[in-house]
>>> print(open('final.txt').read())   # compact mmCIF, C-alpha atoms
# COMPACT_ATOMS: atom_id res chain seq x y z
CA MET O 1 -30.21 -29.01 10.39
CA VAL O 2 -29.49 -25.96 12.47
CA ALA O 3 -27.08 -26.28 15.39
CA THR O 4 -28.32 -25.35 18.85
CA ALA O 5 -26.64 -24.31 22.08
CA ASN O 6 -25.28 -27.12 24.26
CA PHE O 7 -25.46 -29.53 21.31
CA LYS O 8 -23.00 -32.41 21.78
CA PRO O 9 -21.75 -33.93 18.51
CA THR O 10 -21.81 -37.72 18.33
CA SER O 11 -19.90 -38.08 15.03
CA VAL O 12 -17.52 -36.12 12.86
CA SER O 13 -20.30 -35.25 10.43
CA ASP O 14 -22.12 -33.46 13.26
CA LEU O 15 -19.27 -30.96 13.60
CA VAL O 16 -20.39 -29.01 10.51
CA GLN O 17 -24.05 -28.04 10.39
CA GLU O 18 -25.80 -26.19 7.58
CA GLY O 19 -29.29 -24.86 7.04
CA PRO O 20 -30.81 -22.45 4.49
CA THR O 21 -29.76 -19.43 6.58
CA ASP O 22 -27.19 -20.95 8.91
CA PHE O 23 -23.72 -22.49 8.71
CA ARG O 24 -21.81 -23.43 11.86
CA VAL O 25 -18.62 -25.28 12.72
CA HIS O 26 -18.11 -26.84 16.14
CA SER O 27 -15.05 -25.73 18.09
CA ASP O 28 -13.86 -29.33 18.39
CA VAL O 29 -12.52 -29.10 14.82
CA TYR O 30 -9.76 -26.82 16.18
CA THR O 31 -9.24 -28.25 19.68
CA ASP O 32 -9.74 -32.02 19.66
CA GLN O 33 -6.58 -34.15 19.30
CA ALA O 34 -8.46 -37.12 17.88
CA ILE O 35 -9.98 -34.90 15.19
CA PHE O 36 -6.52 -33.59 14.26
CA GLU O 37 -5.14 -37.12 13.95
CA GLN O 38 -8.08 -38.10 11.76
CA GLU O 39 -7.46 -35.03 9.55
CA ILE O 40 -3.86 -36.07 9.04
CA HIS O 41 -4.95 -39.56 8.01
CA GLN O 42 -8.11 -38.82 6.01
CA ILE O 43 -7.28 -35.48 4.40
CA PHE O 44 -3.50 -35.33 4.09
CA GLU O 45 -2.39 -38.96 3.79
CA ASN O 46 -5.40 -40.30 1.85
CA GLY O 47 -5.94 -37.29 -0.42
CA TRP O 48 -3.89 -35.16 -2.80
CA VAL O 49 -1.58 -32.58 -1.22
CA TYR O 50 0.73 -30.06 -2.85
CA VAL O 51 4.42 -30.87 -2.24
CA ALA O 52 6.57 -28.71 -4.56
CA HIS O 53 6.89 -26.77 -7.81
CA ASP O 54 8.75 -27.88 -10.94
CA SER O 55 11.13 -24.92 -10.70
CA GLU O 56 12.38 -26.14 -7.30
CA ILE O 57 13.61 -29.40 -8.85
CA ALA O 58 14.41 -28.16 -12.33
CA ASN O 59 17.53 -30.30 -12.90
CA PRO O 60 18.34 -33.99 -12.46
CA GLY O 61 19.47 -34.51 -8.87
CA ASP O 62 17.55 -31.53 -7.46
CA TYR O 63 15.49 -32.19 -4.35
CA VAL O 64 13.45 -30.47 -1.64
CA THR O 65 12.26 -31.88 1.68
CA ARG O 66 8.59 -31.46 2.66
CA ARG O 67 5.85 -33.29 4.55
CA ILE O 68 2.67 -35.09 3.62
CA GLY O 69 0.64 -34.57 6.73
CA THR O 70 3.20 -35.22 9.43
CA LYS O 71 5.26 -37.68 7.35
CA PRO O 72 8.61 -36.30 6.07
CA VAL O 73 9.21 -36.74 2.32
CA ILE O 74 11.87 -35.90 -0.25
CA VAL O 75 10.72 -34.63 -3.65
CA THR O 76 13.44 -35.42 -6.22
CA ARG O 77 14.11 -35.29 -9.94
CA GLY O 78 15.85 -38.42 -11.17
CA ARG O 79 18.52 -38.81 -13.84
CA GLU O 80 15.79 -39.52 -16.41
CA GLU O 81 13.85 -36.38 -15.39
CA GLN O 82 11.19 -38.34 -13.52
CA ILE O 83 9.70 -36.85 -10.34
CA ASN O 84 9.86 -39.00 -7.21
CA VAL O 85 8.27 -38.45 -3.80
CA LEU O 86 10.14 -40.60 -1.26
CA LEU O 87 9.47 -41.05 2.43
CA ASN O 88 12.43 -39.56 4.24
CA VAL O 89 13.28 -42.59 6.39
CA CYS O 90 16.05 -45.17 6.14
CA ARG O 91 14.72 -48.74 5.90
CA HIS O 92 17.34 -49.91 8.42
CA ARG O 93 16.79 -48.06 11.70
CA ALA O 94 14.38 -45.27 10.69
CA ASN O 95 16.90 -42.41 10.49
CA ALA O 96 15.92 -39.44 8.32
CA ILE O 97 18.31 -39.80 5.37
CA CYS O 98 18.15 -36.11 4.39
CA ARG O 99 18.14 -33.16 6.79
CA GLU O 100 18.65 -30.36 4.24
CA GLN O 101 15.78 -28.25 2.90
CA GLN O 102 16.99 -28.49 -0.70
CA GLY O 103 20.03 -29.46 -2.75
CA ASN O 104 21.29 -31.62 -5.59
CA THR O 105 22.40 -35.23 -5.38
CA LEU O 106 21.81 -38.47 -7.26
CA SER O 107 21.99 -40.49 -4.03
CA PHE O 108 21.31 -40.22 -0.31
CA ARG O 109 23.46 -41.84 2.36
CA CYS O 110 22.00 -42.46 5.78
CA PRO O 111 24.24 -40.73 8.34
CA TYR O 112 23.64 -43.43 10.96
CA HIS O 113 24.96 -46.64 9.33
CA SER O 114 25.76 -45.49 5.78
CA TRP O 115 23.04 -47.28 3.84
CA THR O 116 22.88 -45.57 0.44
CA TYR O 117 19.87 -44.98 -1.82
CA ALA O 118 19.44 -43.58 -5.34
CA ASN O 119 17.38 -40.41 -5.54
CA THR O 120 14.72 -42.57 -7.20
CA GLY O 121 14.52 -44.69 -4.04
CA GLU O 122 16.47 -47.84 -4.92
CA LEU O 123 18.76 -49.26 -2.23
CA LEU O 124 22.26 -48.99 -3.72
CA GLY O 125 24.47 -50.19 -0.90
CA VAL O 126 24.56 -51.60 2.62
CA ALA O 127 27.71 -51.06 4.67
CA ASP O 128 29.52 -54.42 5.29
CA ARG O 129 26.76 -56.38 3.56
CA THR O 130 28.62 -59.67 4.12
CA ARG O 131 27.37 -59.81 7.71
CA TYR O 132 23.77 -59.97 6.47
CA PRO O 133 21.94 -63.04 5.11
CA LYS O 134 22.25 -63.81 1.40
CA GLY O 135 19.87 -61.70 -0.68
CA PHE O 136 19.25 -59.24 2.17
CA GLY O 137 17.99 -55.80 1.12
CA SER O 138 16.22 -56.76 -2.10
CA ASP O 139 12.93 -55.44 -0.73
CA LEU O 140 14.27 -52.47 1.24
CA ASP O 141 14.10 -49.60 -1.23
CA LEU O 142 12.82 -46.30 0.13
CA LEU O 143 9.07 -46.12 0.54
CA LYS O 144 7.33 -43.92 -2.03
CA ALA O 145 4.15 -41.90 -2.34
CA ALA O 146 1.54 -44.10 -3.98
CA LYS O 147 0.66 -41.47 -6.60
CA VAL O 148 2.40 -38.37 -7.95
CA GLY O 149 0.92 -35.88 -10.42
CA SER O 150 1.42 -32.33 -11.62
CA TYR O 151 -0.46 -29.51 -13.30
CA GLN O 152 1.03 -26.21 -14.52
CA GLY O 153 4.25 -26.98 -12.65
CA LEU O 154 2.47 -27.69 -9.35
CA ILE O 155 3.44 -31.13 -7.99
CA PHE O 156 0.97 -33.10 -5.87
CA ALA O 157 1.32 -36.46 -4.14
CA SER O 158 -0.82 -38.94 -2.23
CA LEU O 159 0.05 -41.87 0.02
CA ASN O 160 -3.19 -43.58 -1.07
CA GLY O 161 -3.02 -45.70 -4.22
CA ASN O 162 -6.82 -45.59 -4.54
CA VAL O 163 -7.12 -41.82 -4.54
CA PRO O 164 -9.04 -40.51 -7.59
CA ASP O 165 -6.95 -38.97 -10.38
CA LEU O 166 -5.42 -35.54 -9.81
CA ASP O 167 -7.44 -34.29 -12.79
CA ASP O 168 -10.60 -35.09 -10.84
CA HIS O 169 -9.31 -33.29 -7.75
CA LEU O 170 -8.51 -30.13 -9.73
CA ALA O 171 -11.30 -30.35 -12.29
CA GLY O 172 -13.32 -27.35 -11.09
CA ILE O 173 -10.36 -24.98 -10.69
CA LYS O 174 -7.95 -25.72 -13.55
CA HIS O 175 -8.98 -22.49 -15.25
CA GLN O 176 -8.10 -20.61 -12.05
CA ILE O 177 -4.66 -22.27 -11.89
CA ASP O 178 -4.18 -21.33 -15.55
CA TYR O 179 -4.65 -17.65 -14.71
CA TRP O 180 -1.81 -17.92 -12.18
CA ALA O 181 0.48 -19.80 -14.58
CA ASP O 182 -0.19 -17.38 -17.44
CA ARG O 183 1.32 -14.43 -15.57
CA SER O 184 4.68 -15.39 -17.08
CA LEU O 185 5.39 -14.22 -20.63
CA GLU O 186 7.86 -17.05 -21.25
CA GLY O 187 8.22 -20.44 -19.61
CA CYS O 188 6.83 -20.96 -16.14
CA ASN O 189 6.84 -19.07 -12.88
CA THR O 190 9.98 -19.74 -10.81
CA LEU O 191 9.64 -20.17 -7.07
CA LEU O 192 12.26 -18.55 -4.83
CA LEU O 193 13.40 -19.71 -1.40
CA PRO O 194 10.53 -19.47 1.09
CA HIS O 195 9.92 -17.37 4.14
CA ARG O 196 9.44 -20.21 6.65
CA TYR O 197 7.63 -19.42 9.87
CA GLY O 198 5.10 -20.79 12.33
CA TYR O 199 2.23 -19.76 14.54
CA SER O 200 0.55 -21.14 17.66
CA GLY O 201 -2.77 -22.23 16.26
CA ASN O 202 -4.61 -24.85 14.23
CA TRP O 203 -3.72 -25.24 10.54
CA LYS O 204 -7.26 -24.48 9.39
CA PHE O 205 -7.03 -20.84 10.54
CA GLN O 206 -4.54 -20.15 7.73
CA ALA O 207 -6.53 -22.28 5.29
CA GLU O 208 -9.58 -20.10 6.01
CA ASN O 209 -7.83 -16.73 6.21
CA GLY O 210 -6.25 -16.29 2.78
CA VAL O 211 -9.68 -16.16 1.14
CA ASP O 212 -11.35 -14.15 3.92
CA GLY O 213 -12.28 -10.73 2.57
CA TYR O 214 -14.16 -9.75 5.73
CA HIS O 215 -11.19 -9.24 8.07
CA ALA O 216 -8.72 -7.25 5.99
CA SER O 217 -9.72 -3.64 6.70
CA PHE O 218 -9.91 -4.32 10.44
CA VAL O 219 -6.87 -6.52 11.05
CA HIS O 220 -4.68 -4.65 8.56
CA GLU O 221 -5.99 -1.12 9.14
CA SER O 222 -2.62 0.30 10.21
CA ALA O 223 -0.84 -1.30 7.26
CA PHE O 224 -3.36 0.07 4.77
CA ASP O 225 -3.13 3.53 6.36
CA SER O 226 0.65 3.39 5.97
CA PHE O 227 0.36 2.39 2.31
CA ALA O 228 -2.11 5.22 1.68
CA THR O 229 0.22 7.72 3.40
CA GLY O 230 2.99 6.46 1.16
CA GLY O 231 0.97 7.35 -1.91
CA VAL O 232 -0.41 3.95 -2.95
CA SER O 233 -3.65 5.16 -4.47
CA ARG O 234 -5.67 1.95 -4.17
CA TYR O 235 -5.52 2.25 -0.36
CA LEU O 236 -6.87 5.82 -0.28
CA ASN O 237 -10.46 6.05 1.01
CA ARG O 238 -10.61 2.26 1.34
CA PRO O 239 -14.05 1.18 2.68
CA SER O 240 -14.22 -0.68 5.99
CA ILE O 241 -15.85 -3.62 4.24
CA LYS O 242 -15.09 -4.12 0.57
CA SER O 243 -18.33 -4.71 -1.37
CA ASP O 244 -16.92 -5.08 -4.89
CA GLY O 245 -14.91 -8.13 -5.77
CA THR O 246 -15.92 -11.77 -5.53
CA THR O 247 -15.58 -14.92 -3.47
CA ARG O 248 -16.01 -18.37 -4.98
CA GLY O 249 -16.39 -21.79 -3.41
CA PHE O 250 -15.89 -24.92 -5.50
CA PRO O 251 -16.72 -28.58 -4.93
CA GLY O 252 -13.74 -30.29 -3.32
CA GLY O 253 -13.03 -27.46 -0.87
CA HIS O 254 -11.19 -25.10 -3.27
CA SER O 255 -11.97 -21.37 -3.29
CA THR O 256 -10.96 -17.91 -4.45
CA LEU O 257 -10.95 -14.35 -3.20
CA GLU O 258 -10.92 -11.99 -6.19
CA GLY O 259 -10.34 -8.25 -6.11
CA GLY O 260 -10.57 -7.54 -9.82
CA TYR O 261 -8.26 -5.94 -12.36
CA VAL O 262 -8.33 -2.34 -11.09
CA GLU O 263 -7.36 -3.47 -7.60
CA GLY O 264 -4.77 -5.90 -8.94
CA ARG O 265 -1.84 -6.41 -6.60
CA GLY O 266 1.42 -7.88 -7.83
CA SER O 267 1.54 -5.89 -11.06
CA ALA O 268 4.25 -3.49 -9.79
CA ARG O 269 2.20 -0.52 -10.93
CA SER O 270 4.77 1.96 -9.64
CA LEU O 271 6.88 0.93 -12.65
CA ALA O 272 4.28 2.30 -15.03
CA ASP O 273 6.26 2.02 -18.28
CA MET O 274 7.26 -1.58 -17.64
CA PHE O 275 3.77 -2.52 -16.54
CA GLU O 276 2.32 -1.06 -19.74
CA ASP O 277 4.84 -3.05 -21.78
CA TYR O 278 4.07 -6.19 -19.77
CA MET O 279 0.32 -5.76 -20.30
CA SER O 280 0.84 -5.15 -24.01
CA LYS O 281 2.75 -8.42 -24.37
CA LEU O 282 0.28 -10.28 -22.16
CA THR O 283 -2.57 -8.97 -24.32
CA ASP O 284 -0.78 -10.10 -27.49
CA ARG O 285 -0.54 -13.60 -26.01
CA HIS O 286 -4.01 -13.94 -24.54
CA GLY O 287 -6.26 -11.10 -25.71
CA GLU O 288 -7.32 -8.12 -23.61
CA ASP O 289 -10.07 -9.77 -21.56
CA ARG O 290 -7.96 -12.74 -20.52
CA ALA O 291 -4.91 -10.53 -19.88
CA HIS O 292 -7.00 -8.55 -17.39
CA GLU O 293 -8.14 -11.76 -15.72
CA VAL O 294 -4.55 -13.00 -15.48
CA VAL O 295 -3.30 -9.93 -13.58
CA SER O 296 -6.43 -9.44 -11.48
CA ALA O 297 -5.95 -9.73 -7.73
CA ARG O 298 -6.74 -13.35 -6.97
CA HIS O 299 -6.10 -15.66 -4.02
CA LEU O 300 -6.67 -19.28 -5.02
CA PHE O 301 -6.84 -21.94 -2.31
CA ILE O 302 -6.31 -25.52 -3.44
CA PHE O 303 -7.67 -27.90 -0.80
CA PRO O 304 -6.19 -28.79 1.60
CA ASN O 305 -2.81 -27.06 1.85
CA VAL O 306 -1.70 -24.52 -0.76
CA TYR O 307 -2.45 -20.96 -1.86
CA LEU O 308 -1.59 -19.35 -5.18
CA PHE O 309 -1.39 -15.60 -4.55
CA ASP O 310 -0.51 -12.76 -6.92
CA ASP O 311 3.17 -12.84 -5.99
CA LEU O 312 3.72 -15.95 -3.89
CA VAL O 313 2.86 -19.59 -3.26
CA ARG O 314 2.00 -20.39 0.35
CA ILE O 315 2.04 -23.93 1.80
CA VAL O 316 0.08 -24.67 4.98
CA GLN O 317 1.81 -27.40 7.02
CA PRO O 318 0.16 -28.81 10.16
CA ILE O 319 2.70 -29.75 12.83
CA SER O 320 0.41 -30.53 15.78
CA LEU O 321 -3.09 -29.66 16.94
CA GLU O 322 -2.10 -26.11 17.91
CA GLU O 323 1.08 -25.59 15.89
CA THR O 324 1.34 -24.78 12.19
CA GLU O 325 4.25 -24.05 9.87
CA ILE O 326 4.05 -21.94 6.71
CA TYR O 327 6.26 -21.95 3.62
CA SER O 328 5.72 -18.71 1.70
CA HIS O 329 7.52 -18.68 -1.67
CA PRO O 330 7.79 -15.48 -3.73
CA PHE O 331 8.02 -16.28 -7.43
CA ARG O 332 9.61 -14.71 -10.50
CA LEU O 333 7.78 -14.24 -13.77
CA GLY O 334 9.40 -15.54 -16.92
CA GLY O 335 10.06 -13.21 -19.84
CA VAL O 336 9.90 -9.89 -17.95
CA PRO O 337 12.70 -7.40 -17.08
CA GLU O 338 14.66 -8.17 -13.93
CA GLU O 339 13.71 -4.78 -12.47
CA PHE O 340 10.05 -5.72 -12.82
CA ASN O 341 10.57 -8.94 -10.83
CA ALA O 342 12.72 -7.08 -8.29
CA ARG O 343 9.90 -4.61 -7.66
CA ARG O 344 7.40 -7.43 -7.26
CA LEU O 345 9.71 -9.10 -4.74
CA TYR O 346 10.08 -5.83 -2.82
CA GLU O 347 6.32 -5.33 -2.64
CA VAL O 348 5.53 -8.86 -1.45
CA THR O 349 8.35 -8.77 1.11
CA ARG O 350 7.21 -5.52 2.70
CA GLN O 351 3.64 -6.77 2.94
CA LEU O 352 3.47 -10.55 3.35
CA SER O 353 6.84 -11.70 4.69
CA THR O 354 7.53 -12.53 8.33
CA THR O 355 8.66 -8.92 8.83
CA GLY O 356 6.12 -7.34 6.49
CA MET O 357 3.34 -4.93 7.38
CA VAL O 358 0.41 -7.28 6.71
CA ASN O 359 1.20 -10.93 7.45
CA PRO O 360 2.27 -10.69 11.14
CA ALA O 361 -1.16 -9.32 12.10
CA ASP O 362 -2.84 -12.44 10.68
CA LEU O 363 -0.54 -14.67 12.74
CA GLU O 364 -1.56 -12.80 15.88
CA MET O 365 -5.23 -13.40 14.99
CA PHE O 366 -4.60 -17.15 14.63
CA ALA O 367 -2.97 -17.31 18.08
CA ALA O 368 -5.83 -15.27 19.53
CA ASN O 369 -8.36 -17.62 17.91
CA GLN O 370 -6.71 -20.62 19.53
CA THR O 371 -6.63 -18.86 22.91
CA GLY O 372 -10.31 -17.94 22.68
CA LEU O 373 -11.33 -21.49 21.84
CA HIS O 374 -10.18 -22.62 25.27
CA ALA O 375 -13.13 -20.70 26.72
CA ASP O 376 -15.46 -23.64 26.00
CA MET O 377 -17.24 -21.97 23.11
CA ASP O 378 -19.35 -24.46 21.14
CA TRP O 379 -20.06 -23.08 17.66
CA LEU O 380 -18.35 -20.70 15.22
CA GLU O 381 -20.62 -18.85 12.79
CA LEU O 382 -19.88 -18.91 9.04
CA CYS O 383 -23.18 -17.81 7.52
CA ARG O 384 -22.19 -14.38 6.12
CA GLY O 385 -23.79 -14.02 2.66
CA ILE O 386 -25.30 -17.51 2.67
CA GLU O 387 -28.73 -16.41 1.40
CA MET O 388 -27.26 -14.30 -1.41
CA GLU O 389 -24.88 -16.78 -3.03
CA GLU O 390 -25.31 -17.68 -6.68
CA VAL O 391 -25.07 -21.44 -7.20
CA SER O 392 -24.19 -22.86 -10.64
CA PRO O 393 -25.11 -26.36 -11.92
CA SER O 394 -21.46 -27.41 -11.37
CA GLY O 395 -21.77 -26.66 -7.66
CA GLU O 396 -19.64 -23.49 -7.78
CA ARG O 397 -20.96 -20.83 -5.42
CA VAL O 398 -20.32 -17.11 -5.87
CA GLY O 399 -20.59 -14.41 -3.22
CA GLN O 400 -19.41 -10.89 -2.52
CA HIS O 401 -15.84 -10.12 -1.50
CA SER O 402 -16.58 -10.22 2.24
CA ASP O 403 -18.88 -13.26 2.21
CA GLU O 404 -17.86 -16.52 3.90
CA THR O 405 -18.43 -18.52 0.72
CA PRO O 406 -14.85 -19.92 0.66
CA GLN O 407 -14.96 -21.05 4.29
CA ARG O 408 -18.23 -22.88 3.73
CA ALA O 409 -16.75 -24.63 0.67
CA PHE O 410 -13.78 -25.73 2.78
CA TYR O 411 -15.93 -27.21 5.54
CA ARG O 412 -18.33 -28.96 3.17
CA ALA O 413 -15.34 -30.83 1.73
CA TRP O 414 -13.82 -31.29 5.20
CA GLN O 415 -17.06 -32.83 6.46
CA GLN O 416 -17.37 -35.17 3.49
CA VAL O 417 -13.79 -36.42 3.57
CA MET O 418 -13.68 -36.75 7.37
CA SER O 419 -16.93 -38.73 7.38
CA GLN O 420 -15.71 -41.34 4.89
CA THR O 421 -14.56 -44.73 6.03
CA SER O 422 -12.71 -45.17 2.74
CA PHE O 423 -11.50 -42.46 0.42
CA GLU O 424 -13.82 -41.38 -2.37
CA ASN O 425 -13.78 -38.30 -4.56
CA CYS O 426 -15.48 -35.34 -2.89
>>> encode(input="final.txt", output="C-alpha cells")
Amino acid sequence: MVATANFKPTSVSDLVQEGPTDFRVHSDVYTDQAIFEQEIHQIFENGWVYVAHDSEIANPGDYVTRRIGTKPVIVTRGREEQINVLLNVCRHRANAICREQQGNTLSFRCPYHSWTYANTGELLGVADRTRYPKGFGSDLDLLKAAKVGSYQGLIFASLNGNVPDLDDHLAGIKHQIDYWADRSLEGCNTLLLPHRYGYSGNWKFQAENGVDGYHASFVHESAFDSFATGGVSRYLNRPSIKSDGTTRGFPGGHSTLEGGYVEGRGSARSLADMFEDYMSKLTDRHGEDRAHEVVSARHLFIFPNVYLFDDLVRIVQPISLEETEIYSHPFRLGGVPEEFNARRLYEVTRQLSTTGMVNPADLEMFAANQTGLHADMDWLELCRGIEMEEVSPSGERVGQHSDETPQRAFYRAWQQVMSQTSFENC
C-alpha cells in the first residue's frame, strides 16, 4: 500500500507503509507521546536491549548503571562470576540505591533508610528490623531483569520472561558481531569510559544515522576537507555520494553500513609498520580473506539500541520523546602494542567524540529534524535504492552504500513489534 497526502493513520501499523517502489514513515513516529510510550514498553521493556560489555564488569563486585527503556538498572558481576541485571530501586520507599556510573562493591546500601542488598539482589539487612512484623522482608529482594544473555562479550537483558532466546534475536547477524570481536589478537575488546552526551531529538534519528551512507559527504564536508588537507589519502577526491561499499538490512531490524577493506577506518594506517605487523598476525589467525573482512570499515546496528563501530561501541538511550542520551565507548584491542591502541583512540576522539570534527554535525542534524517535524509534515521518504536491492532467502537485503536499506529494515521490525499485542519473535 502506498501512502498518500493527508492520510490519517488509524493504527500503529499504518505508520509505516511500503510498496514495490515506495517506503514511507509517518511523522507521528517521532512526535507522538503515546507512540514513544508504546516504544518504551513494546521495544525496550519487552525485547532484548544491550546493557553492557563484559570488560566493564570484569571482576567480582564490578558494576555499571544503565537503563532498559526508561527504567534504571545496575549491571553487576557477583562473587561467583554471575552477571546480574537489577532494577535500581529500593524495595522500601523507591530510592535509587546506586547513583554512580560504575564501581566495585559486593553490596548496595540505600542512602535513604539504609536497607542493604547483595550485588546479586538479595536483601541483606533492614535498619532496626525489630520494629517490623516477624518475617518481614523475605520477599523484598531487588527486582531483576527477567532474562540476561551475552554473545562475544556483549550483555543483553529483557524485562519480559517470554521473550525469545537471545540466539534467535541475533541469529542473522552473529557473523557480523564476530568480525567486530575478532579485531583483537588476544582476549576480547576492552571498552573504555564513554563520551556521554545528549541531543534534542527523537532516539530513532541516531538509530537511523549510523548506517546512513547518503548523508556523510554533505553533513561532514568540512571535516572531510580538513582530513584531506591534513594528508589523509582516503579523503582526497572523495565523491559527493559514495557508490562503492554496501548496506545490509536483516530481519529483526539489524543492519550494516560497510565501506570495505581499502577504506577501512580504525586500522591506524598512519602507523604503517605496526599495522602491517597487526595484519600479519590477524592473517595468521584467520586467513587473509577473513582478516580483510575483520578490519573493513563496518558499522553494525543491533536493534534497537547499540552500534558496533570500527573503534567504538555506541549506546542509544531514549530519555523522552524529544530527548536522547548517547554513551559512546572507545575500545582497546587485545594483543596489540599500546601505541597502536593510543593512535586508534586519538583518531576516534578527533572524529567521533563530543568535541570531534564529525559527530557534532550529526547532532545538529537530529535537532534540525525534530524542529522541522513541527511543521506538520506527514510522511518521510525512505525509498532510496528500493528497486535495486538484492534479497536473499534468509530475508537479508543488500543495497549500495548510500541506499536506505538499513532504515527500511529498522522500520519493518519497528512496525512488527509495535503492532503486536504480545511479544513474539520478529
>>> closest_residue(input="final.txt", among="O:Glu347, O:Gly334, O:Pro393, O:His195", to="Arg314 in chain O", atoms="only C-alpha atoms")
O:His195
>>> atom_distance(input="final.txt", atom1="CA of Ser13 in chain O", atom2="CA of Asn305 in chain O")
21.1 Å
>>> residues_around(input="final.txt", residues="Trp379 in chain O", least_positions_apart="4", cutoff="7 Å", atoms="only C-alpha atoms", output="MDAnalysis selection string")
chainID O and resid 24:27
>>> residues_near_point(input="final.txt", point="(23.3, -45.7, 8.5)", cutoff="9 Å", atoms="only C-alpha atoms", output="PyMOL selection string")
chain O and resi 90+92-93+95+97+109-116+126-127
>>> closest_residue(input="final.txt", among="O:Ala409, O:His401, O:Thr120, O:Thr21", to="Asp244 in chain O", atoms="all atoms listed in the file")
O:His401
>>> atom_distance(input="final.txt", atom1="CA of Glu100 in chain O", atom2="CA of Phe44 in chain O")
22.7 Å
>>> residues_around(input="final.txt", residues="Phe36 in chain O", least_positions_apart="3", cutoff="10 Å", atoms="all atoms listed in the file", output="ChimeraX atom specification")
/O:28-33,39-42,202-203,318,320-322
>>> atom_distance(input="final.txt", atom1="CA of Tyr278 in chain O", atom2="CA of Ser328 in chain O")
24.9 Å
>>> closest_residue(input="final.txt", among="O:Ile241, O:Ala207, O:Cys188, O:Leu345", to="Gln317 in chain O", atoms="all atoms listed in the file")
O:Ala207
>>> residues_around(input="final.txt", residues="Leu191 in chain O", least_positions_apart="4", cutoff="8 Å", atoms="all atoms listed in the file", output="NGL selection string")
:O and (53 or 55-56 or 312-313 or 329-332)
>>> closest_residue(input="final.txt", among="O:Arg343, O:Arg408, O:His169, O:Arg99", to="Thr247 in chain O", atoms="only C-alpha atoms")
O:Arg408
>>> residues_around(input="final.txt", residues="Ser419 in chain O", least_positions_apart="5", cutoff="12 Å", atoms="all atoms listed in the file", output="PyMOL selection string")
chain O and resi 11-16+35+38-39+42-43+411-414+424+426
>>> closest_residue(input="final.txt", among="O:Met279, O:Ala96, O:Leu373, O:Val391", to="Val294 in chain O", atoms="all atoms listed in the file")
O:Met279
>>> closest_residue(input="final.txt", among="O:Lys147, O:Arg384, O:Lys281, O:Arg183", to="Tyr214 in chain O", atoms="all atoms listed in the file")
O:Arg384
>>> residues_around(input="final.txt", residues="Arg290 in chain O", least_positions_apart="4", cutoff="12 Å", atoms="all atoms listed in the file", output="PDB file with C-alpha atoms, in the coordinates of the input")
ATOM      1  CA  HIS O 175      -8.980 -22.490 -15.250  1.00  0.00           C
ATOM      2  CA  GLN O 176      -8.100 -20.610 -12.050  1.00  0.00           C
ATOM      3  CA  ASP O 178      -4.180 -21.330 -15.550  1.00  0.00           C
ATOM      4  CA  TYR O 179      -4.650 -17.650 -14.710  1.00  0.00           C
ATOM      5  CA  TRP O 180      -1.810 -17.920 -12.180  1.00  0.00           C
ATOM      6  CA  ASP O 182      -0.190 -17.380 -17.440  1.00  0.00           C
ATOM      7  CA  ARG O 183       1.320 -14.430 -15.570  1.00  0.00           C
ATOM      8  CA  TYR O 261      -8.260  -5.940 -12.360  1.00  0.00           C
ATOM      9  CA  MET O 279       0.320  -5.760 -20.300  1.00  0.00           C
ATOM     10  CA  LEU O 282       0.280 -10.280 -22.160  1.00  0.00           C
ATOM     11  CA  THR O 283      -2.570  -8.970 -24.320  1.00  0.00           C
ATOM     12  CA  ASP O 284      -0.780 -10.100 -27.490  1.00  0.00           C
ATOM     13  CA  ARG O 285      -0.540 -13.600 -26.010  1.00  0.00           C
ATOM     14  CA  HIS O 286      -4.010 -13.940 -24.540  1.00  0.00           C
ATOM     15  CA  VAL O 294      -4.550 -13.000 -15.480  1.00  0.00           C
ATOM     16  CA  VAL O 295      -3.300  -9.930 -13.580  1.00  0.00           C
ATOM     17  CA  SER O 296      -6.430  -9.440 -11.480  1.00  0.00           C
TER      18      SER O 296
END
>>> residues_near_point(input="final.txt", point="(-31.4, -15.7, 0.6)", cutoff="12 Å", atoms="only C-alpha atoms", output="MDAnalysis selection string")
chainID O and resid 19:22 383:391 399
>>> decode(input="final.txt", residues="range 294-306 of chain O", atoms="C-alpha atoms", output="tab-separated table (two decimals), in the first residue's frame")
chain	number	residue	atom	x	y	z
O	294	VAL	CA	37.62	-8.10	10.15
O	295	VAL	CA	39.36	-4.74	9.58
O	296	SER	CA	36.98	-3.49	6.89
O	297	ALA	CA	35.06	-0.34	7.73
O	298	ARG	CA	31.80	-1.59	9.18
O	299	HIS	CA	29.01	-0.01	11.23
O	300	LEU	CA	26.78	-2.71	12.72
O	301	PHE	CA	23.47	-1.70	14.29
O	302	ILE	CA	21.89	-4.21	16.66
O	303	PHE	CA	18.20	-3.43	17.08
O	304	PRO	CA	17.09	-1.45	18.98
O	305	ASN	CA	19.87	0.40	20.80
O	306	VAL	CA	23.54	-0.34	20.09
